file entry_25.json (JSON, C-alpha atoms)
[["chain", "number", "residue", "atom", "x", "y", "z"],
["A", 1, "MET", "CA", 46.78, 1.94, 34.34],
["A", 2, "PHE", "CA", 45.00, 0.71, 31.28],
["A", 3, "ASN", "CA", 46.13, 3.64, 29.21],
["A", 4, "GLN", "CA", 49.62, 3.33, 30.47],
["A", 5, "THR", "CA", 49.74, -0.25, 29.34],
["A", 6, "HIS", "CA", 48.30, 0.75, 26.08],
["A", 7, "ASN", "CA", 51.00, 3.30, 25.40],
["A", 8, "THR", "CA", 53.80, 1.10, 26.43],
["A", 9, "ILE", "CA", 53.75, -2.12, 24.51],
["A", 10, "CYS", "CA", 50.92, -1.95, 22.11],
["A", 11, "CYS", "CA", 49.34, -0.01, 19.39],
["A", 12, "GLY", "CA", 46.09, -1.84, 18.80],
["A", 13, "THR", "CA", 42.81, -0.10, 19.32],
["A", 14, "ASP", "CA", 41.07, -3.26, 20.42],
["A", 15, "SER", "CA", 41.86, -4.07, 24.02],
["A", 16, "ARG", "CA", 42.45, -7.69, 23.04],
["A", 17, "ASP", "CA", 44.91, -6.71, 20.37],
["A", 18, "TYR", "CA", 47.70, -5.52, 22.59],
["A", 19, "CYS", "CA", 50.69, -6.39, 20.55],
["A", 20, "THR", "CA", 50.01, -5.75, 16.95],
["A", 21, "THR", "CA", 52.69, -7.41, 14.95],
["A", 22, "THR", "CA", 54.47, -5.64, 12.16],
["A", 23, "ASP", "CA", 55.79, -8.79, 10.61],
["A", 24, "THR", "CA", 56.97, -8.86, 7.07],
["A", 25, "VAL", "CA", 57.71, -12.01, 5.17],
["A", 26, "LYS", "CA", 61.43, -12.47, 4.76],
["A", 27, "ARG", "CA", 61.31, -15.85, 3.16],
["A", 28, "PRO", "CA", 58.62, -18.47, 2.91],
["A", 29, "GLN", "CA", 59.98, -20.77, 5.59],
["A", 30, "ASN", "CA", 59.83, -18.10, 8.29],
["A", 31, "TYR", "CA", 57.45, -18.84, 11.11],
["A", 32, "ARG", "CA", 55.61, -16.55, 13.41],
["A", 33, "ALA", "CA", 56.27, -17.95, 16.86],
["A", 34, "PRO", "CA", 53.32, -18.03, 19.28],
["A", 35, "VAL", "CA", 53.82, -15.67, 22.22],
["A", 36, "ASP", "CA", 52.35, -14.91, 25.61],
["A", 37, "VAL", "CA", 52.71, -11.38, 26.99],
["A", 38, "TYR", "CA", 52.48, -10.56, 30.68],
["A", 39, "GLU", "CA", 52.64, -7.29, 32.55],
["A", 40, "THR", "CA", 53.67, -6.69, 36.14],
["A", 41, "ASP", "CA", 54.16, -3.43, 38.03],
["A", 42, "THR", "CA", 57.77, -3.26, 36.93],
["A", 43, "GLU", "CA", 58.09, -5.06, 33.62],
["A", 44, "PHE", "CA", 56.62, -6.71, 30.58],
["A", 45, "ARG", "CA", 57.47, -10.29, 29.76],
["A", 46, "VAL", "CA", 57.27, -11.73, 26.26],
["A", 47, "ILE", "CA", 57.45, -15.53, 26.18],
["A", 48, "ALA", "CA", 57.79, -17.22, 22.79],
["A", 49, "ASP", "CA", 57.84, -20.85, 21.70],
["A", 50, "MET", "CA", 60.90, -21.16, 19.48],
["A", 51, "PRO", "CA", 62.04, -24.77, 19.52],
["A", 52, "GLY", "CA", 65.22, -25.89, 17.82],
["A", 53, "THR", "CA", 67.33, -22.77, 17.99],
["A", 54, "CYS", "CA", 69.97, -21.70, 20.52],
["A", 55, "SER", "CA", 70.85, -18.51, 22.34],
["A", 56, "GLU", "CA", 73.66, -17.69, 19.91],
["A", 57, "LEU", "CA", 71.26, -17.73, 16.98],
["A", 58, "ILE", "CA", 68.61, -15.48, 18.51],
["A", 59, "VAL", "CA", 68.82, -11.77, 17.75],
["A", 60, "ILE", "CA", 66.67, -9.32, 19.69],
["A", 61, "SER", "CA", 66.81, -5.75, 18.50],
["A", 62, "ILE", "CA", 65.02, -2.47, 18.98],
["A", 63, "GLU", "CA", 64.76, 0.09, 16.26],
["A", 64, "ASP", "CA", 62.20, 2.84, 15.77],
["A", 65, "ASN", "CA", 60.13, 1.63, 18.70],
["A", 66, "THR", "CA", 59.94, -1.85, 17.21],
["A", 67, "LEU", "CA", 61.15, -4.84, 19.15],
["A", 68, "THR", "CA", 62.22, -7.57, 16.75],
["A", 69, "ILE", "CA", 63.00, -11.16, 17.61],
["A", 70, "ASP", "CA", 64.76, -13.25, 14.97],
["A", 71, "ALA", "CA", 65.71, -16.83, 15.69],
["A", 72, "GLU", "CA", 67.64, -18.85, 13.21],
["A", 73, "VAL", "CA", 66.84, -22.55, 13.12],
["A", 74, "SER", "CA", 69.51, -24.68, 11.51],
["A", 75, "ASP", "CA", 68.36, -27.17, 8.91],
["A", 76, "ARG", "CA", 68.75, -30.22, 11.11],
["A", 77, "TYR", "CA", 67.28, -32.60, 8.54],
["A", 78, "ALA", "CA", 70.08, -31.86, 6.10],
["A", 79, "THR", "CA", 72.37, -34.21, 7.99],
["A", 80, "LEU", "CA", 69.83, -36.45, 9.72],
["A", 81, "GLY", "CA", 68.35, -38.24, 6.75],
["A", 82, "ALA", "CA", 65.42, -38.22, 4.36],
["A", 83, "VAL", "CA", 62.10, -36.78, 5.56],
["A", 84, "ARG", "CA", 59.47, -39.48, 5.05],
["A", 85, "ARG", "CA", 56.51, -37.75, 6.64],
["A", 86, "GLN", "CA", 56.30, -34.06, 7.40],
["A", 87, "GLU", "CA", 53.56, -32.62, 9.56],
["A", 88, "TYR", "CA", 55.30, -29.37, 10.37],
["A", 89, "GLY", "CA", 57.85, -27.22, 8.62],
["A", 90, "VAL", "CA", 61.22, -26.29, 9.98],
["A", 91, "GLY", "CA", 62.41, -22.74, 9.51],
["A", 92, "ASP", "CA", 63.48, -19.54, 11.22],
["A", 93, "PHE", "CA", 61.22, -17.78, 13.69],
["A", 94, "HIS", "CA", 60.45, -14.11, 13.46],
["A", 95, "ARG", "CA", 58.25, -11.80, 15.48],
["A", 96, "SER", "CA", 58.08, -8.08, 16.03],
["A", 97, "PHE", "CA", 56.17, -5.77, 18.33],
["A", 98, "ARG", "CA", 55.80, -2.06, 18.50],
["A", 99, "ILE", "CA", 56.71, -0.71, 21.90],
["A", 100, "GLY", "CA", 56.30, 2.76, 23.35],
["A", 101, "ASP", "CA", 58.69, 5.03, 25.22],
["A", 102, "GLY", "CA", 57.76, 3.46, 28.52],
["A", 103, "ILE", "CA", 60.33, 0.69, 28.15],
["A", 104, "ASN", "CA", 63.83, 0.94, 29.52],
["A", 105, "ALA", "CA", 65.55, -0.38, 26.40],
["A", 106, "ASP", "CA", 68.93, -0.74, 28.11],
["A", 107, "GLY", "CA", 67.48, -3.09, 30.68],
["A", 108, "ILE", "CA", 66.01, -5.64, 28.30],
["A", 109, "ALA", "CA", 67.14, -9.17, 29.14],
["A", 110, "ALA", "CA", 66.35, -12.56, 27.67],
["A", 111, "THR", "CA", 66.77, -16.22, 28.48],
["A", 112, "TYR", "CA", 66.32, -19.30, 26.29],
["A", 113, "CYS", "CA", 65.53, -22.63, 27.88],
["A", 114, "ASP", "CA", 63.87, -25.83, 26.59],
["A", 115, "GLY", "CA", 62.91, -24.12, 23.34],
["A", 116, "VAL", "CA", 61.20, -21.20, 25.05],
["A", 117, "LEU", "CA", 62.48, -17.64, 24.78],
["A", 118, "SER", "CA", 61.63, -15.27, 27.59],
["A", 119, "VAL", "CA", 62.26, -11.55, 27.09],
["A", 120, "THR", "CA", 61.98, -9.17, 30.03],
["A", 121, "LEU", "CA", 61.29, -5.54, 29.20],
["A", 122, "PRO", "CA", 61.59, -3.36, 32.30],
["A", 123, "LYS", "CA", 59.32, -0.35, 32.46],
["A", 124, "ALA", "CA", 60.99, 3.04, 32.51],
["A", 125, "GLU", "CA", 61.16, 4.55, 35.99],
["A", 126, "ALA", "CA", 58.60, 7.21, 35.18],
["A", 127, "ARG", "CA", 56.08, 4.55, 34.17],
["A", 128, "LYS", "CA", 56.25, 2.42, 37.27],
["A", 129, "PRO", "CA", 53.43, 2.81, 39.74],
["A", 130, "ARG", "CA", 54.65, 4.75, 42.74],
["A", 131, "ARG", "CA", 53.37, 4.87, 46.21],
["A", 132, "ILE", "CA", 53.29, 8.33, 47.71],
["A", 133, "ASP", "CA", 54.13, 8.48, 51.37],
["A", 134, "ILE", "CA", 51.86, 10.75, 53.32],
["A", 135, "LYS", "CA", 53.69, 12.68, 55.95],
["A", 136, "THR", "CA", 52.07, 13.61, 59.18],
["A", 137, "ALA", "CA", 52.01, 17.31, 59.73],
["B", 1, "MET", "CA", 54.26, -16.27, 7.21],
["B", 2, "ASN", "CA", 52.54, -19.11, 9.02],
["B", 3, "THR", "CA", 51.91, -19.26, 12.70],
["B", 4, "ARG", "CA", 53.32, -22.50, 13.98],
["B", 5, "THR", "CA", 50.61, -24.39, 15.76],
["B", 6, "ILE", "CA", 52.72, -26.27, 18.20],
["B", 7, "LEU", "CA", 50.04, -28.10, 20.08],
["B", 8, "ALA", "CA", 46.95, -27.95, 17.92],
["B", 9, "PRO", "CA", 43.91, -28.38, 20.15],
["B", 10, "ALA", "CA", 41.33, -30.93, 19.14],
["B", 11, "THR", "CA", 38.37, -28.74, 19.85],
["B", 12, "THR", "CA", 35.64, -30.26, 17.76],
["B", 13, "ALA", "CA", 33.70, -33.42, 18.30],
["B", 14, "MET", "CA", 34.88, -34.65, 14.90],
["B", 15, "ASP", "CA", 38.45, -34.59, 16.11],
["B", 16, "SER", "CA", 37.68, -36.89, 18.97],
["B", 17, "VAL", "CA", 35.79, -39.22, 16.67],
["B", 18, "ARG", "CA", 38.73, -39.23, 14.27],
["B", 19, "HIS", "CA", 41.10, -39.91, 17.15],
["B", 20, "GLU", "CA", 39.00, -42.86, 18.27],
["B", 21, "ILE", "CA", 38.73, -44.28, 14.75],
["B", 22, "ASP", "CA", 42.50, -43.95, 14.28],
["B", 23, "HIS", "CA", 43.01, -45.76, 17.48],
["B", 24, "VAL", "CA", 40.63, -48.62, 16.72],
["B", 25, "PHE", "CA", 42.07, -49.11, 13.25],
["B", 26, "ASP", "CA", 45.59, -49.08, 14.57],
["B", 27, "ARG", "CA", 44.59, -51.69, 17.11],
["B", 28, "LEU", "CA", 42.73, -53.81, 14.56],
["B", 29, "THR", "CA", 45.91, -54.40, 12.67],
["B", 30, "THR", "CA", 47.58, -55.94, 15.69],
["B", 31, "SER", "CA", 47.15, -59.62, 16.44],
["B", 32, "SER", "CA", 45.86, -59.43, 19.99],
["B", 33, "LEU", "CA", 42.08, -59.66, 20.14],
["B", 34, "ALA", "CA", 41.85, -57.90, 23.48],
["B", 35, "SER", "CA", 43.39, -54.79, 22.04],
["B", 36, "VAL", "CA", 40.52, -54.44, 19.54],
["B", 37, "LEU", "CA", 38.03, -53.80, 22.31],
["B", 38, "PRO", "CA", 36.84, -50.20, 22.53],
["B", 39, "THR", "CA", 39.03, -48.00, 24.62],
["B", 40, "THR", "CA", 37.98, -45.37, 27.10],
["B", 41, "ARG", "CA", 39.75, -42.69, 25.13],
["B", 42, "PHE", "CA", 36.65, -41.37, 23.46],
["B", 43, "LEU", "CA", 35.55, -39.37, 26.45],
["B", 44, "ASP", "CA", 38.86, -37.75, 27.23],
["B", 45, "ALA", "CA", 40.03, -37.25, 23.68],
["B", 46, "ILE", "CA", 39.85, -33.47, 23.80],
["B", 47, "ARG", "CA", 43.59, -33.18, 23.88],
["B", 48, "PRO", "CA", 46.06, -31.41, 21.68],
["B", 49, "HIS", "CA", 48.11, -33.62, 19.40],
["B", 50, "PRO", "CA", 51.69, -32.59, 18.76],
["B", 51, "ALA", "CA", 52.75, -32.80, 15.12],
["B", 52, "VAL", "CA", 55.33, -35.46, 14.33],
["B", 53, "ASN", "CA", 57.85, -35.61, 11.50],
["B", 54, "MET", "CA", 59.41, -38.89, 10.44],
["B", 55, "ILE", "CA", 62.96, -38.99, 9.13],
["B", 56, "GLU", "CA", 64.82, -42.03, 7.90],
["B", 57, "ASP", "CA", 68.47, -42.79, 7.33],
["B", 58, "ASP", "CA", 70.17, -46.04, 6.40],
["B", 59, "ASN", "CA", 70.10, -47.48, 9.92],
["B", 60, "ASN", "CA", 67.41, -45.65, 11.90],
["B", 61, "LEU", "CA", 63.97, -44.13, 11.91],
["B", 62, "PHE", "CA", 63.61, -40.81, 13.72],
["B", 63, "PHE", "CA", 60.33, -39.43, 15.01],
["B", 64, "GLU", "CA", 60.53, -35.78, 15.92],
["B", 65, "ALA", "CA", 58.08, -33.52, 17.73],
["B", 66, "GLU", "CA", 58.36, -29.91, 18.82],
["B", 67, "LEU", "CA", 57.55, -29.66, 22.52],
["B", 68, "PRO", "CA", 58.85, -26.29, 23.74],
["B", 69, "GLY", "CA", 58.65, -25.78, 27.48],
["B", 70, "VAL", "CA", 58.20, -29.47, 28.21],
["B", 71, "THR", "CA", 60.75, -31.04, 30.54],
["B", 72, "ALA", "CA", 61.80, -34.69, 30.45],
["B", 73, "THR", "CA", 60.03, -35.36, 33.75],
["B", 74, "ASP", "CA", 56.71, -34.19, 32.30],
["B", 75, "LEU", "CA", 57.08, -36.29, 29.17],
["B", 76, "ASP", "CA", 56.18, -39.91, 28.58],
["B", 77, "VAL", "CA", 57.36, -41.87, 25.58],
["B", 78, "THR", "CA", 56.04, -45.42, 25.38],
["B", 79, "ILE", "CA", 55.99, -48.08, 22.74],
["B", 80, "ALA", "CA", 53.56, -50.99, 22.64],
["B", 81, "ASP", "CA", 52.14, -53.08, 19.81],
["B", 82, "ASN", "CA", 54.08, -51.03, 17.27],
["B", 83, "MET", "CA", 52.40, -47.85, 18.51],
["B", 84, "LEU", "CA", 54.60, -45.04, 19.70],
["B", 85, "THR", "CA", 52.86, -42.80, 22.21],
["B", 86, "ILE", "CA", 54.16, -39.36, 23.08],
["B", 87, "SER", "CA", 52.26, -37.80, 25.96],
["B", 88, "GLY", "CA", 52.78, -35.34, 28.74],
["B", 89, "THR", "CA", 51.87, -31.98, 30.14],
["B", 90, "ARG", "CA", 53.33, -28.57, 29.89],
["B", 91, "THR", "CA", 52.89, -25.83, 32.40],
["B", 92, "LEU", "CA", 53.23, -22.22, 31.42],
["B", 93, "GLU", "CA", 54.89, -20.17, 34.10],
["B", 94, "ALA", "CA", 53.58, -16.64, 34.36],
["B", 95, "PRO", "CA", 55.53, -14.01, 36.30],
["B", 96, "GLU", "CA", 54.19, -13.44, 39.78],
["B", 97, "ASP", "CA", 51.41, -10.87, 40.18],
["B", 98, "SER", "CA", 51.15, -10.38, 36.44],
["B", 99, "THR", "CA", 48.32, -9.63, 34.09],
["B", 100, "SER", "CA", 48.11, -11.58, 30.89],
["B", 101, "LEU", "CA", 47.98, -9.29, 27.86],
["B", 102, "ARG", "CA", 48.23, -11.86, 25.14],
["B", 103, "ARG", "CA", 47.95, -15.60, 25.11],
["B", 104, "GLU", "CA", 48.84, -17.59, 22.02],
["B", 105, "ARG", "CA", 50.71, -20.50, 23.53],
["B", 106, "SER", "CA", 48.64, -23.44, 24.53],
["B", 107, "THR", "CA", 48.90, -25.37, 27.74],
["B", 108, "ASN", "CA", 47.45, -28.70, 28.56],
["B", 109, "THR", "CA", 48.08, -32.34, 28.48],
["B", 110, "PHE", "CA", 48.90, -33.67, 25.06],
["B", 111, "GLU", "CA", 49.01, -37.08, 23.49],
["B", 112, "ARG", "CA", 50.01, -38.39, 20.12],
["B", 113, "LEU", "CA", 49.97, -41.93, 18.80],
["B", 114, "VAL", "CA", 52.13, -42.87, 15.84],
["B", 115, "ARG", "CA", 52.25, -46.23, 14.15],
["B", 116, "ILE", "CA", 55.78, -47.48, 13.63],
["B", 117, "PRO", "CA", 56.69, -49.94, 10.89],
["B", 118, "SER", "CA", 57.54, -53.51, 11.87],
["B", 119, "SER", "CA", 60.95, -53.13, 10.26],
["B", 120, "VAL", "CA", 62.34, -51.38, 13.34],
["B", 121, "ASP", "CA", 63.68, -52.76, 16.58],
["B", 122, "ALA", "CA", 61.47, -51.30, 19.31],
["B", 123, "ASP", "CA", 63.64, -52.85, 22.01],
["B", 124, "HIS", "CA", 66.40, -50.37, 21.32],
["B", 125, "ILE", "CA", 64.39, -47.17, 21.25],
["B", 126, "ASP", "CA", 66.13, -44.02, 22.35],
["B", 127, "ALA", "CA", 64.63, -40.60, 23.08],
["B", 128, "THR", "CA", 66.29, -37.24, 23.58],
["B", 129, "LEU", "CA", 64.82, -33.85, 24.38],
["B", 130, "ALA", "CA", 66.89, -30.81, 23.45],
["B", 131, "ASP", "CA", 65.87, -27.17, 22.93],
["B", 132, "GLY", "CA", 62.21, -28.15, 22.96],
["B", 133, "ILE", "CA", 62.58, -30.87, 20.33],
["B", 134, "LEU", "CA", 61.95, -34.51, 21.11],
["B", 135, "THR", "CA", 63.74, -36.99, 18.89],
["B", 136, "VAL", "CA", 62.85, -40.67, 19.20],
["B", 137, "THR", "CA", 65.40, -42.88, 17.47],
["B", 138, "ILE", "CA", 64.48, -46.46, 16.60],
["B", 139, "PRO", "CA", 67.09, -48.62, 14.88],
["B", 140, "LYS", "CA", 66.08, -50.75, 11.94],
["B", 141, "PHE", "CA", 66.45, -54.49, 12.12],
["B", 142, "GLU", "CA", 69.64, -55.80, 10.59],
["B", 143, "GLY", "CA", 67.81, -57.24, 7.59],
["B", 144, "THR", "CA", 65.90, -54.07, 6.77],
["B", 145, "ARG", "CA", 68.85, -51.69, 6.80],
["B", 146, "THR", "CA", 69.83, -50.07, 3.58],
["B", 147, "ARG", "CA", 72.89, -51.66, 2.08],
["B", 148, "ARG", "CA", 74.78, -50.08, -0.73],
["B", 149, "VAL", "CA", 75.75, -52.39, -3.50],
["B", 150, "ALA", "CA", 78.88, -51.58, -5.41],
["B", 151, "VAL", "CA", 78.17, -51.66, -9.11],
["B", 152, "GLN", "CA", 80.95, -53.23, -11.15],
["B", 153, "GLU", "CA", 81.84, -51.83, -14.48],
["B", 154, "ASN", "CA", 82.54, -54.33, -17.18]]
call {"tool": "encode", "arguments": {"input": "entry_25.json", "output": "structure tokens"}}
result
Amino acid sequence: MFNQTHNTICCGTDSRDYCTTTDTVKRPQNYRAPVDVYETDTEFRVIADMPGTCSELIVISIEDNTLTIDAEVSDRYATLGAVRRQEYGVGDFHRSFRIGDGINADGIAATYCDGVLSVTLPKAEARKPRRIDIKTA
Amino acid sequence: MNTRTILAPATTAMDSVRHEIDHVFDRLTTSSLASVLPTTRFLDAIRPHPAVNMIEDDNNLFFEAELPGVTATDLDVTIADNMLTISGTRTLEAPEDSTSLRRERSTNTFERLVRIPSSVDADHIDATLADGILTVTIPKFEGTRTRRVAVQEN
């Protein structure tokens, strides 16, 4: 089970480092959104804090076994007024993960609610734990 | 690329001391003597503080905080003695029967106190929560609004 997990959504050698990011800096105001990753028997779930965007501006793509999440955040201060005190920056969110062959890429689904993006990555059939029925002779 | 620390935890003792000092100083500047008395916050000050940005236009002050995953029912916005308090809890919902593989998002109660200038009208405060962003709008008093003066050319 452990190895299976390991092959499916991670590439780290440390067991704590499941989802090694392959982020590259696009522009300085890009932010790396904090994520939680969960695994069940049938799927992986990636949950990311990405406040201030909307479902139309979030792009989730898979290429070369890399799952990439890009969320554009519009510059809301441009119309609101002058920033007098700034404790956090506003910019696009970006995050990427390497995933293995054990994901059914066609079945990936995502929802965005209250600033939280939730991406469901179903495991490929062959990777799901199966229960073998024992027949009586 | 920076990781956005959305609810930075106050994990050290110094943070709770700083929080308490902030609070006492903020209270000292108010006129009521009772409010200067020590508060009980010192002991439960190990709370994350959401970051707050302040934006100003001609007629309003806006205080904005990123609170992804927080619903309006779990959020409290109060104003007293020119102190704006944003507090609440957020619960992280894990899928049923799941194992956590990575955990970067923080959960907990949070609280943030922000001093607001006396030039605003706290009676007409308005707060909206959309896409994980809380915006508190406080109108300026009539006399403190920015007025544009037309410059005549001679």
call {"tool": "residues_around", "arguments": {"input": "entry_25.json", "residues": "Glu56 of chain A", "least_positions_apart": "5", "cutoff": "12 Å", "atoms": "only C-alpha atoms", "output": "list of chain:residue names"}}
result
A:Asp70, A:Ala71, A:Glu72, A:Val73, A:Ser74, A:Ala110, A:Thr111, A:Tyr112
call {"tool": "write_last_selection", "arguments": {"input": "entry_25.json", "atoms": "C-alpha atoms", "output": "compact mmCIF listing (two decimals), in the frame of the given file"}}
result
# COMPACT_ATOMS: atom_id res chain seq x y z
CA ASP A 70 64.76 -13.25 14.97
CA ALA A 71 65.71 -16.83 15.69
CA GLU A 72 67.64 -18.85 13.21
CA VAL A 73 66.84 -22.55 13.12
CA SER A 74 69.51 -24.68 11.51
CA ALA A 110 66.35 -12.56 27.67
CA THR A 111 66.77 -16.22 28.48
CA TYR A 112 66.32 -19.30 26.29
call {"tool": "interface_residues", "arguments": {"input": "entry_25.json", "of": "chain A", "to": "chain B", "cutoff": "8 Å", "atoms": "only C-alpha atoms", "output": "JSON, numbers by chain"}}
result
{"A": [16, 17, 18, 19, 24, 25, 28, 29, 30, 31, 32, 33, 34, 35, 36, 37, 38, 39, 40, 41, 45, 48, 49, 50, 51, 52, 53, 54, 77, 80, 81, 82, 83, 84, 85, 86, 87, 88, 113, 114, 115, 116]}
call {"tool": "atom_distance", "arguments": {"input": "entry_25.json", "atom1": "atom CA of Glu63 of chain A", "atom2": "atom CA of Phe44 of chain A"}}
result
17.8 Å
call {"tool": "closest_residue", "arguments": {"input": "entry_25.json", "among": "A:Thr66, A:Ser61, A:Val90, A:Ile47", "to": "Ile108 of chain A", "atoms": "all atoms listed in the file"}}
result
A:Ser61
call {"tool": "atom_distance", "arguments": {"input": "entry_25.json", "atom1": "atom CA of Arg112 of chain B", "atom2": "atom CA of Ile86 of chain B"}}
result
5.2 Å
call {"tool": "atom_distance", "arguments": {"input": "entry_25.json", "atom1": "atom CA of Ser118 of chain A", "atom2": "atom CA of Thr89 of chain B"}}
result
19.5 Å
call {"tool": "residues_around", "arguments": {"input": "entry_25.json", "residues": "Thr85 of chain B", "least_positions_apart": "3", "cutoff": "6 Å", "atoms": "all atoms listed in the file", "output": "list in words"}}
result
Val77, Thr78, Arg112 and Leu113 of chain B
